[in-house]
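Peer 1: Structure file entry_16.cif (mmCIF, C-alpha atoms) is given on the next line.
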data_my_file
loop_
_atom_site.label_atom_id
_atom_site.label_comp_id
_atom_site.auth_asym_id
_atom_site.auth_seq_id
_atom_site.Cartn_x
_atom_site.Cartn_y
_atom_site.Cartn_z
CA MET R 792 -159.87 -81.06 81.93
CA SER R 793 -157.92 -77.83 82.03
CA ALA R 794 -159.45 -74.49 81.21
CA PRO R 795 -157.58 -72.02 79.00
CA ALA R 796 -155.73 -69.41 80.97
CA PRO R 797 -156.22 -65.76 80.20
CA VAL R 798 -152.60 -64.78 80.65
CA PRO R 799 -149.76 -67.32 80.74
CA LEU R 800 -147.17 -66.15 83.25
CA MET R 801 -144.18 -67.52 85.07
CA GLU R 802 -145.07 -69.04 88.39
CA ASN R 803 -142.97 -66.69 90.46
CA GLU R 804 -143.81 -63.50 88.60
CA VAL R 805 -144.84 -60.67 90.89
CA MET R 806 -148.18 -59.37 89.72
CA THR R 807 -150.04 -58.00 92.70
CA ARG R 808 -149.92 -54.24 92.62
CA ARG R 809 -151.17 -51.25 94.48
CA SER R 810 -151.99 -48.36 92.22
CA ARG R 811 -152.94 -44.82 93.03
CA MET R 812 -155.38 -43.30 90.60
CA VAL R 813 -156.00 -39.58 90.29
CA ALA R 814 -158.97 -38.35 88.36
CA LEU R 815 -159.94 -34.90 87.28
CA ALA R 816 -163.19 -34.34 89.06
CA ALA R 817 -164.56 -32.23 86.27
CA GLY R 818 -163.63 -34.70 83.55
CA SER R 819 -163.46 -38.41 82.93
CA ALA R 820 -159.73 -38.96 82.42
CA MET R 821 -157.86 -40.99 85.03
CA ILE R 822 -154.16 -41.49 85.40
CA ALA R 823 -152.30 -44.16 87.33
CA LEU R 824 -149.63 -42.22 89.17
CA GLN R 825 -147.82 -44.96 90.96
CA THR R 826 -147.67 -48.70 91.18
CA ALA R 827 -145.90 -50.68 93.86
CA PRO R 828 -145.32 -54.40 93.21
CA LEU R 829 -146.25 -56.57 96.16
CA ARG R 830 -146.15 -60.29 96.71
CA ALA R 831 -148.57 -62.27 94.57
CA GLU R 832 -151.41 -63.92 96.46
CA GLY R 833 -151.63 -67.45 95.17
CA VAL R 834 -150.29 -69.29 92.18
CA THR R 835 -150.18 -67.11 89.10
CA ALA R 836 -153.01 -67.59 86.64
CA GLY R 837 -151.89 -69.67 83.68
CA THR R 838 -149.59 -71.90 85.71
CA THR R 839 -149.79 -75.54 84.68
CA ILE R 840 -149.76 -78.04 87.55
CA THR R 841 -149.14 -81.73 86.89
CA ASN R 842 -149.76 -84.76 89.04
CA THR R 843 -147.10 -87.26 88.00
CA ALA R 844 -146.80 -90.81 89.30
CA THR R 845 -143.70 -92.91 88.63
CA VAL R 846 -144.16 -96.62 89.08
CA ASP R 847 -141.49 -99.29 89.51
CA PHE R 848 -142.44 -102.95 89.77
CA ARG R 849 -141.37 -106.51 89.16
CA VAL R 850 -142.96 -109.48 87.46
CA GLY R 851 -141.57 -112.94 88.09
CA GLY R 852 -138.73 -111.43 90.08
CA LEU R 853 -137.59 -109.29 87.14
CA ASP R 854 -137.54 -105.48 87.19
CA GLN R 855 -139.89 -104.00 84.60
CA THR R 856 -139.63 -100.78 82.65
CA GLU R 857 -140.61 -97.78 84.76
CA VAL R 858 -144.11 -96.50 83.97
CA LEU R 859 -145.36 -92.90 84.26
CA ALA R 860 -148.88 -91.58 84.60
CA SER R 861 -149.84 -87.93 84.80
CA ASP R 862 -152.69 -85.46 84.67
CA SER R 863 -152.42 -81.68 84.33
CA PHE R 864 -154.57 -78.62 84.82
CA THR R 865 -154.11 -74.88 84.46
CA VAL R 866 -154.69 -72.41 87.28
CA ASP R 867 -157.37 -69.89 86.42
CA ARG R 868 -157.68 -66.24 87.32
CA LYS R 869 -159.05 -65.34 90.72
CA ILE R 870 -160.19 -61.72 90.81
CA ASN R 871 -159.67 -59.96 94.11
CA PHE R 872 -159.21 -56.19 94.32
CA VAL R 873 -160.20 -53.21 96.42
CA ALA R 874 -160.51 -49.56 95.32
CA VAL R 875 -160.97 -46.96 97.99
CA GLY R 876 -160.92 -43.17 97.97
CA VAL R 877 -158.05 -41.32 99.67
CA PRO R 878 -158.90 -39.92 102.13
CA ALA R 879 -162.54 -39.91 101.08
CA ALA R 880 -164.14 -40.86 97.82
CA THR R 881 -166.37 -37.80 97.51
CA VAL R 882 -165.09 -34.58 95.95
CA THR R 883 -167.03 -31.33 95.83
CA VAL R 884 -166.45 -29.19 92.75
CA SER R 885 -167.49 -25.54 92.71
CA PRO R 886 -169.08 -24.00 89.60
CA GLY R 887 -166.31 -23.00 87.20
CA GLN R 888 -163.65 -24.86 89.14
CA THR R 889 -161.09 -26.79 87.09
CA ARG R 890 -158.47 -29.38 87.90
CA ALA R 891 -160.23 -30.70 90.96
CA VAL R 892 -158.90 -34.15 91.70
CA SER R 893 -159.95 -37.25 93.53
CA VAL R 894 -157.47 -39.91 94.59
CA PHE R 895 -158.08 -43.64 94.87
CA ASP R 896 -155.94 -46.49 96.13
CA ILE R 897 -156.46 -49.72 94.22
CA LEU R 898 -155.07 -52.95 95.61
CA ASN R 899 -154.98 -55.87 93.20
CA SER R 900 -154.66 -59.06 95.23
CA SER R 901 -155.59 -61.27 92.30
CA ASN R 902 -153.29 -63.90 90.86
CA ALA R 903 -153.12 -62.03 87.54
CA PRO R 904 -152.73 -58.47 86.28
CA LEU R 905 -156.01 -56.58 85.92
CA ASP R 906 -157.07 -53.72 83.70
CA LEU R 907 -159.45 -51.52 85.64
CA ALA R 908 -161.39 -48.46 84.58
CA LEU R 909 -163.01 -46.23 87.20
CA GLN R 910 -166.07 -44.31 86.15
CA TRP R 911 -167.60 -41.22 87.68
CA ARG R 912 -171.03 -41.39 89.17
CA ARG R 913 -172.74 -38.28 90.33
CA VAL R 914 -174.30 -38.74 93.73
CA PRO R 915 -178.07 -38.27 93.33
CA GLY R 916 -179.39 -35.31 95.28
CA ALA R 917 -175.93 -34.21 96.39
CA GLN R 918 -176.00 -30.93 94.47
CA ALA R 919 -175.92 -28.04 96.89
CA PRO R 920 -176.79 -24.43 95.90
CA MET R 921 -173.24 -23.20 96.39
CA ALA R 922 -171.20 -26.36 96.12
CA GLY R 923 -172.04 -27.45 92.62
CA PRO R 924 -172.13 -31.02 91.42
CA THR R 925 -170.40 -33.77 93.35
CA ALA R 926 -168.72 -36.78 91.89
CA SER R 927 -167.88 -39.87 93.84
CA MET R 928 -166.45 -43.31 93.47
CA PRO R 929 -167.96 -45.94 95.72
CA ARG R 930 -165.72 -48.45 97.40
CA MET R 931 -165.36 -51.50 95.17
CA SER R 932 -164.45 -54.99 96.17
CA LYS R 933 -164.74 -58.21 94.26
CA SER R 934 -163.39 -61.70 94.69
CA THR R 935 -164.30 -64.31 92.13
CA ALA R 936 -162.91 -66.72 89.59
CA MET R 937 -163.14 -65.70 85.96
CA MET S 113 -162.54 -111.25 96.98
CA GLN S 114 -162.55 -107.64 97.94
CA LEU S 115 -159.85 -105.99 99.97
CA PHE S 116 -159.68 -102.38 101.08
CA ARG S 117 -156.56 -100.69 102.34
CA SER S 118 -156.27 -97.18 103.68
CA LEU S 119 -153.05 -95.91 102.14
CA GLY S 120 -153.79 -92.46 100.84
CA LEU S 121 -156.25 -90.32 102.73
CA LYS S 122 -158.57 -90.57 105.64
CA PRO S 123 -161.81 -92.38 104.83
CA HIS S 124 -163.98 -89.25 104.95
CA LEU S 125 -162.02 -87.92 101.98
CA ALA S 126 -162.73 -91.01 99.96
CA ALA S 127 -159.10 -91.88 100.46
CA LEU S 128 -159.45 -95.59 100.61
CA VAL S 129 -157.25 -97.57 98.37
CA ALA S 130 -159.45 -100.21 96.91
CA VAL S 131 -157.79 -103.32 95.58
CA LEU S 132 -160.44 -105.27 93.79
CA ALA S 133 -160.03 -108.67 92.25
CA PHE S 134 -161.28 -109.21 88.73
CA PRO S 135 -160.98 -112.23 86.46
CA ALA S 136 -157.46 -112.31 85.11
CA GLN S 137 -157.03 -111.38 81.49
CA ALA S 138 -154.45 -112.82 79.19
CA GLN S 139 -151.33 -110.70 78.86
CA SER S 140 -150.64 -109.83 75.25
CA GLY S 141 -146.89 -109.39 75.48
CA GLY S 142 -146.97 -105.75 76.70
CA SER S 143 -146.80 -104.40 80.19
CA PRO S 144 -149.34 -106.02 82.52
CA LEU S 145 -149.72 -102.71 84.33
CA GLU S 146 -152.54 -100.32 83.50
CA LEU S 147 -151.94 -96.89 85.00
CA VAL S 148 -153.97 -93.66 84.96
CA GLY S 149 -153.14 -90.41 86.76
CA TYR S 150 -155.93 -88.01 87.66
CA VAL S 151 -156.84 -84.85 89.57
CA LYS S 152 -160.16 -84.17 91.27
CA ARG S 153 -161.41 -80.93 92.78
CA GLU S 154 -163.54 -80.65 95.89
CA GLN S 155 -166.95 -79.19 95.19
CA ILE S 156 -169.18 -78.33 98.12
CA THR S 157 -172.88 -77.85 97.58
CA THR S 158 -175.74 -77.27 99.95
CA THR S 159 -178.95 -79.18 99.41
CA GLU S 160 -182.42 -77.70 99.75
CA THR S 161 -182.59 -79.14 103.26
CA GLY S 162 -179.39 -77.35 104.20
CA GLU S 163 -177.25 -80.46 104.09
CA ARG S 164 -173.62 -79.87 103.11
CA ARG S 165 -172.53 -82.20 100.33
CA VAL S 166 -168.92 -82.77 99.24
CA GLU S 167 -168.21 -84.10 95.77
CA TRP S 168 -164.95 -84.67 93.90
CA VAL S 169 -165.30 -83.48 90.33
CA GLU S 170 -163.23 -82.96 87.20
CA PRO S 171 -161.37 -79.67 87.76
CA SER S 172 -162.66 -77.58 84.88
CA VAL S 173 -161.78 -74.41 86.79
CA VAL S 174 -159.07 -74.29 89.47
CA VAL S 175 -158.01 -71.20 91.44
CA PRO S 176 -155.71 -70.64 94.44
CA GLY S 177 -157.18 -72.13 97.60
CA ASP S 178 -159.02 -74.96 95.88
CA ARG S 179 -158.79 -78.37 97.51
CA LEU S 180 -157.76 -81.19 95.18
CA VAL S 181 -156.98 -84.88 95.24
CA PHE S 182 -154.05 -86.21 93.23
CA GLY S 183 -154.63 -89.84 92.37
CA THR S 184 -153.37 -92.83 90.43
CA ARG S 185 -155.49 -95.77 89.28
CA PHE S 186 -153.72 -99.03 88.64
CA ALA S 187 -154.63 -102.50 87.45
CA ASN S 188 -152.77 -105.71 86.80
CA ARG S 189 -154.07 -106.89 83.43
CA GLY S 190 -151.55 -109.69 83.21
CA THR S 191 -151.63 -113.30 84.28
CA ALA S 192 -148.77 -113.10 86.78
CA PRO S 193 -148.63 -111.15 90.05
CA ILE S 194 -146.99 -107.73 90.04
CA GLU S 195 -144.41 -107.62 92.81
CA ARG S 196 -142.94 -104.76 94.81
CA PHE S 197 -145.23 -102.16 93.28
CA VAL S 198 -143.77 -98.71 94.15
CA VAL S 199 -145.64 -95.51 93.24
CA SER S 200 -143.86 -92.18 93.75
CA ASN S 201 -145.42 -88.75 93.28
CA PRO S 202 -143.46 -85.51 93.54
CA VAL S 203 -145.57 -82.73 95.04
CA PRO S 204 -145.59 -79.77 92.63
CA ALA S 205 -144.42 -76.49 94.16
CA SER S 206 -147.75 -74.87 93.27
CA VAL S 207 -149.68 -77.07 95.69
CA ARG S 208 -149.23 -78.10 99.29
CA VAL S 209 -150.19 -81.34 100.97
CA THR S 210 -152.94 -80.90 103.55
CA GLY S 211 -153.32 -82.32 107.03
CA GLU S 212 -155.87 -84.87 105.84
CA ILE S 213 -153.13 -87.05 104.39
CA ASP S 214 -153.07 -90.51 105.91
CA PRO S 215 -150.36 -90.44 108.61
CA ALA S 216 -149.26 -93.92 107.49
CA THR S 217 -148.34 -92.69 104.00
CA LEU S 218 -144.64 -92.63 103.20
CA VAL S 219 -143.50 -89.07 102.51
CA SER S 220 -140.31 -87.11 101.98
CA VAL S 221 -139.61 -83.54 103.06
CA ASP S 222 -136.22 -83.27 101.30
CA GLY S 223 -137.01 -83.93 97.67
CA GLY S 224 -137.02 -87.71 97.92
CA LYS S 225 -133.65 -88.26 99.62
CA THR S 226 -135.15 -89.71 102.79
CA TRP S 227 -138.56 -91.24 103.44
CA GLY S 228 -140.75 -91.94 106.43
CA LYS S 229 -144.10 -91.26 108.00
CA LEU S 230 -144.70 -87.54 108.42
CA ALA S 231 -144.66 -87.78 112.23
CA GLU S 232 -141.17 -89.31 112.06
CA LEU S 233 -139.59 -86.58 109.95
CA ALA S 234 -138.03 -83.26 110.93
CA ILE S 235 -136.92 -80.09 109.21
CA ALA S 236 -133.52 -78.51 109.85
CA GLN S 237 -133.82 -74.80 110.56
CA ALA S 238 -131.38 -71.97 109.92
CA ASP S 239 -130.28 -71.80 113.56
CA GLY S 240 -129.34 -75.48 113.54
CA SER S 241 -132.35 -76.68 115.49
CA ARG S 242 -134.92 -79.09 114.08
CA ARG S 243 -138.68 -78.94 114.12
CA ALA S 244 -141.31 -81.52 113.37
CA ALA S 245 -142.23 -81.78 109.70
CA LEU S 246 -145.65 -80.48 108.68
CA PRO S 247 -147.87 -81.48 105.76
CA ASP S 248 -146.83 -78.24 104.06
CA ASP S 249 -143.22 -79.51 104.04
CA VAL S 250 -143.97 -82.67 102.06
CA THR S 251 -142.12 -82.76 98.73
CA ASN S 252 -142.83 -86.36 97.67
CA VAL S 253 -145.34 -89.09 98.41
CA ARG S 254 -144.77 -92.82 98.00
CA TRP S 255 -146.65 -96.10 98.36
CA VAL S 256 -145.16 -99.59 98.35
CA LEU S 257 -147.48 -102.52 97.70
CA PRO S 258 -145.87 -105.96 98.04
CA GLU S 259 -148.05 -107.60 95.42
CA ILE S 260 -150.92 -106.98 93.01
CA ALA S 261 -152.69 -110.14 91.99
CA PRO S 262 -153.69 -110.74 88.37
CA GLY S 263 -156.91 -108.90 87.68
CA ALA S 264 -156.63 -106.72 90.78
CA SER S 265 -156.89 -102.94 90.61
CA GLY S 266 -156.88 -100.03 93.00
CA THR S 267 -156.47 -96.31 93.61
CA LEU S 268 -153.86 -94.27 95.46
CA GLU S 269 -154.65 -90.68 96.44
CA PHE S 270 -153.31 -87.78 98.47
CA PRO S 271 -154.93 -84.38 99.26
CA VAL S 272 -153.49 -81.01 98.26
CA THR S 273 -154.49 -77.35 98.18
CA VAL S 274 -153.54 -74.94 95.41
CA ARG S 275 -151.14 -72.34 96.84
#
Output the structure of this file as structure tokens.
Peer 2:
Amino acid sequence: MSAPAPVPLMENEVMTRRSRMVALAAGSAMIALQTAPLRAEGVTAGTTITNTATVDFRVGGLDQTEVLASDSFTVDRKINFVAVGVPAATVTVSPGQTRAVSVFDILNSSNAPLDLALQWRRVPGAQAPMAGPTASMPRMSKSTAM
Amino acid sequence: MQLFRSLGLKPHLAALVAVLAFPAQAQSGGSPLELVGYVKREQITTTETGERRVEWVEPSVVVPGDRLVFGTRFANRGTAPIERFVVSNPVPASVRVTGEIDPATLVSVDGGKTWGKLAELAIAQADGSRRAALPDDVTNVRWVLPEIAPGASGTLEFPVTVR
């Protein structure tokens, strides 16, 4: 009945994190600068939960051996995160400019650690004669079971 | 003979405890009690006509927030009545009992030290005062059936949500 868990973790392990990502606007590298552990939202993925029944009874007035019955399942991963630009997700880079940066806050409210990769997408038609190309990261939000 | 007792959940949650009489089978020296624990997950679907349909299915995938039913099926396969049939379920810390639990069900809010109906129990608070116990406080669930006739069987259930 139970589905395999992606990452077995202790039930009380703190795994929800807020990360701040800084990306070089002219390149593709991204670096997580800070992470701040927060309280996990929900039971950690990989936790095994068991329904156990203990039964005592008599037959003919005599106590019988205690009987147990149980059924278990494993909690799966529930993906829930938000990535948003700080203060805005769009960065304008002038021709020849280097080391332009864009900052994003990523809040992982899932019940498991996540590996995320942000990718640049050039905004179509955003190129201005003097401003050069623009890169942006749209706001992302997803909540689903995987 | 067919006898229904509401011991676990409210009827709309399929919480009836059904005690059904079947022809008694000979006891072959072992325990007369047949016992099976199970877990079901609530699955809500909407039909083409827009009707909301609730089903209880095998929990192939369970995530926080899912509504479940913890249950136990029992049967007396012996030739003599089973007396003072007591079923006790601890509530795992990863789930919480929901408000749909039958108010007549015996519960504990202190790990099984004391028992009563939920409305009769209270929780001691840090400042010394006491407040009424809530479904979320339930740590154990218990049923006591005086007798199970030979050939009879039934189901005991209580509702939980994954924390």
Peer 1: Exactly which residues make up the result of the PyMOL selection byres ((chain S and resi 166) around 8) on this file, given as a list in words?
Peer 2: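 Checking the PyMOL selection byres ((chain S and resi 166) around 8) against this file, the residues are Glu154, Gln155, Ile156, Thr157, Arg164, Arg165, Glu167 and Trp168 of chain S.
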Peer 1: So which one's closest to chain R, S:Gly162, S:Pro247, S:Pro271, S:Gly211? Using all atoms listed in the file, please.
Peer 2: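 With all atoms listed in the file as the atom set, the closest residue is S:Pro271.
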Peer 1: Starting from the shown file, work through the PyMOL selection byres ((chain S and resi 229) around 8) and note down what comes out as a PyMOL selection string.
Peer 2: chain S and resi 215-219+227-228+230-233
Peer 1: Once the PyMOL selection byres ((chain S) within 6 of (chain R)) has been applied to the shown file, what residues remain in the selection, as a PyMOL selection string?
Peer 2: chain S and resi 148-150+172+174-176+194-201+275
Peer 1: For Phe182 (chain S), find every residue with an atom within 6 Å (counting all atoms listed in the file), except residues of its own chain fewer than 2 positions away, and show them as JSON, numbers by chain.
Peer 2: {"S": [151, 269, 270]}
Peer 1: Which one of S:Leu180, S:Ala187, S:Ala205, S:Ala236 sits closest to Pro262 (chain S) if you count all atoms listed in the file?
Peer 2: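 The answer is S:Ala187, which sits nearest to Pro262 (chain S).
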Peer 1: When you draw a straight line from CA of Leu909 (chain R) to CA of Asp896 (chain R), how long is it in Å?
Peer 2: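 Calculated distance between CA of Leu909 (chain R) and CA of Asp896 (chain R) is 11.4 Å.
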Peer 1: Quick one: pull the distance between CA of Leu145 (chain S) and CA of Ile213 (chain S), Å, one decimal.
Peer 2: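 Pair CA of Leu145 (chain S) / CA of Ile213 (chain S) returns 25.7 Å.
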Peer 1: Go ahead and compute the interatomic distance for CA of Thr159 (chain S) and CA of Val274 (chain S), in Å to one decimal.
Peer 2: 26.1 Å
Peer 1: Taking (-145.4, -76.5, 96.5) in the file's coordinates, which residues come within 9 Å, counting only C-alpha atoms, written as a PyMOL selection string?
Peer 2: chain S and resi 203-209+248-251+274-275
Peer 1: Tell me which residues come within 6 Å of (-158.2, -52.2, 92.5), as a ChimeraX atom specification, counting all atoms listed in the file in the file's coordinates.
Peer 2: /R:872-874,897-899
Peer 1: Some atoms are absent from region 881-894 of chain R, so rebuild N, CA and C atoms and return them as a PDB file, keeping the file's coordinate frame.
Peer 2:
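What landed in out-v8.pdb:
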ATOM      1  N   THR R 881    -165.494 -38.839  98.029  1.00  0.00           N
ATOM      2  CA  THR R 881    -166.370 -37.800  97.510  1.00  0.00           C
ATOM      3  C   THR R 881    -165.622 -36.474  97.373  1.00  0.00           C
ATOM      4  N   VAL R 882    -165.744 -35.859  96.216  1.00  0.00           N
ATOM      5  CA  VAL R 882    -165.090 -34.580  95.950  1.00  0.00           C
ATOM      6  C   VAL R 882    -166.166 -33.560  95.568  1.00  0.00           C
ATOM      7  N   THR R 883    -166.097 -32.405  96.171  1.00  0.00           N
ATOM      8  CA  THR R 883    -167.030 -31.330  95.830  1.00  0.00           C
ATOM      9  C   THR R 883    -166.346 -30.357  94.875  1.00  0.00           C
ATOM     10  N   VAL R 884    -167.016 -30.056  93.779  1.00  0.00           N
ATOM     11  CA  VAL R 884    -166.450 -29.190  92.750  1.00  0.00           C
ATOM     12  C   VAL R 884    -167.339 -27.950  92.621  1.00  0.00           C
ATOM     13  N   SER R 885    -166.740 -26.783  92.812  1.00  0.00           N
ATOM     14  CA  SER R 885    -167.490 -25.540  92.710  1.00  0.00           C
ATOM     15  C   SER R 885    -167.756 -25.204  91.246  1.00  0.00           C
ATOM     16  N   PRO R 886    -168.819 -24.425  90.982  1.00  0.00           N
ATOM     17  CA  PRO R 886    -169.080 -24.000  89.600  1.00  0.00           C
ATOM     18  C   PRO R 886    -167.882 -23.247  89.031  1.00  0.00           C
ATOM     19  N   GLY R 887    -167.430 -23.655  87.851  1.00  0.00           N
ATOM     20  CA  GLY R 887    -166.310 -23.000  87.200  1.00  0.00           C
ATOM     21  C   GLY R 887    -164.955 -23.515  87.635  1.00  0.00           C
ATOM     22  N   GLN R 888    -164.931 -24.348  88.663  1.00  0.00           N
ATOM     23  CA  GLN R 888    -163.650 -24.860  89.140  1.00  0.00           C
ATOM     24  C   GLN R 888    -163.068 -25.868  88.156  1.00  0.00           C
ATOM     25  N   THR R 889    -161.769 -25.819  87.954  1.00  0.00           N
ATOM     26  CA  THR R 889    -161.090 -26.790  87.090  1.00  0.00           C
ATOM     27  C   THR R 889    -160.000 -27.495  87.874  1.00  0.00           C
ATOM     28  N   ARG R 890    -159.576 -28.598  87.362  1.00  0.00           N
ATOM     29  CA  ARG R 890    -158.470 -29.380  87.900  1.00  0.00           C
ATOM     30  C   ARG R 890    -158.720 -29.845  89.332  1.00  0.00           C
ATOM     31  N   ALA R 891    -159.949 -30.048  89.686  1.00  0.00           N
ATOM     32  CA  ALA R 891    -160.230 -30.700  90.960  1.00  0.00           C
ATOM     33  C   ALA R 891    -159.886 -32.187  90.805  1.00  0.00           C
ATOM     34  N   VAL R 892    -159.329 -32.756  91.815  1.00  0.00           N
ATOM     35  CA  VAL R 892    -158.900 -34.150  91.700  1.00  0.00           C
ATOM     36  C   VAL R 892    -159.475 -34.994  92.812  1.00  0.00           C
ATOM     37  N   SER R 893    -159.572 -36.259  92.523  1.00  0.00           N
ATOM     38  CA  SER R 893    -159.950 -37.250  93.530  1.00  0.00           C
ATOM     39  C   SER R 893    -158.953 -38.395  93.425  1.00  0.00           C
ATOM     40  N   VAL R 894    -158.532 -38.895  94.567  1.00  0.00           N
ATOM     41  CA  VAL R 894    -157.470 -39.910  94.590  1.00  0.00           C
ATOM     42  C   VAL R 894    -158.040 -41.229  95.104  1.00  0.00           C
TER      43      VAL R 894
END
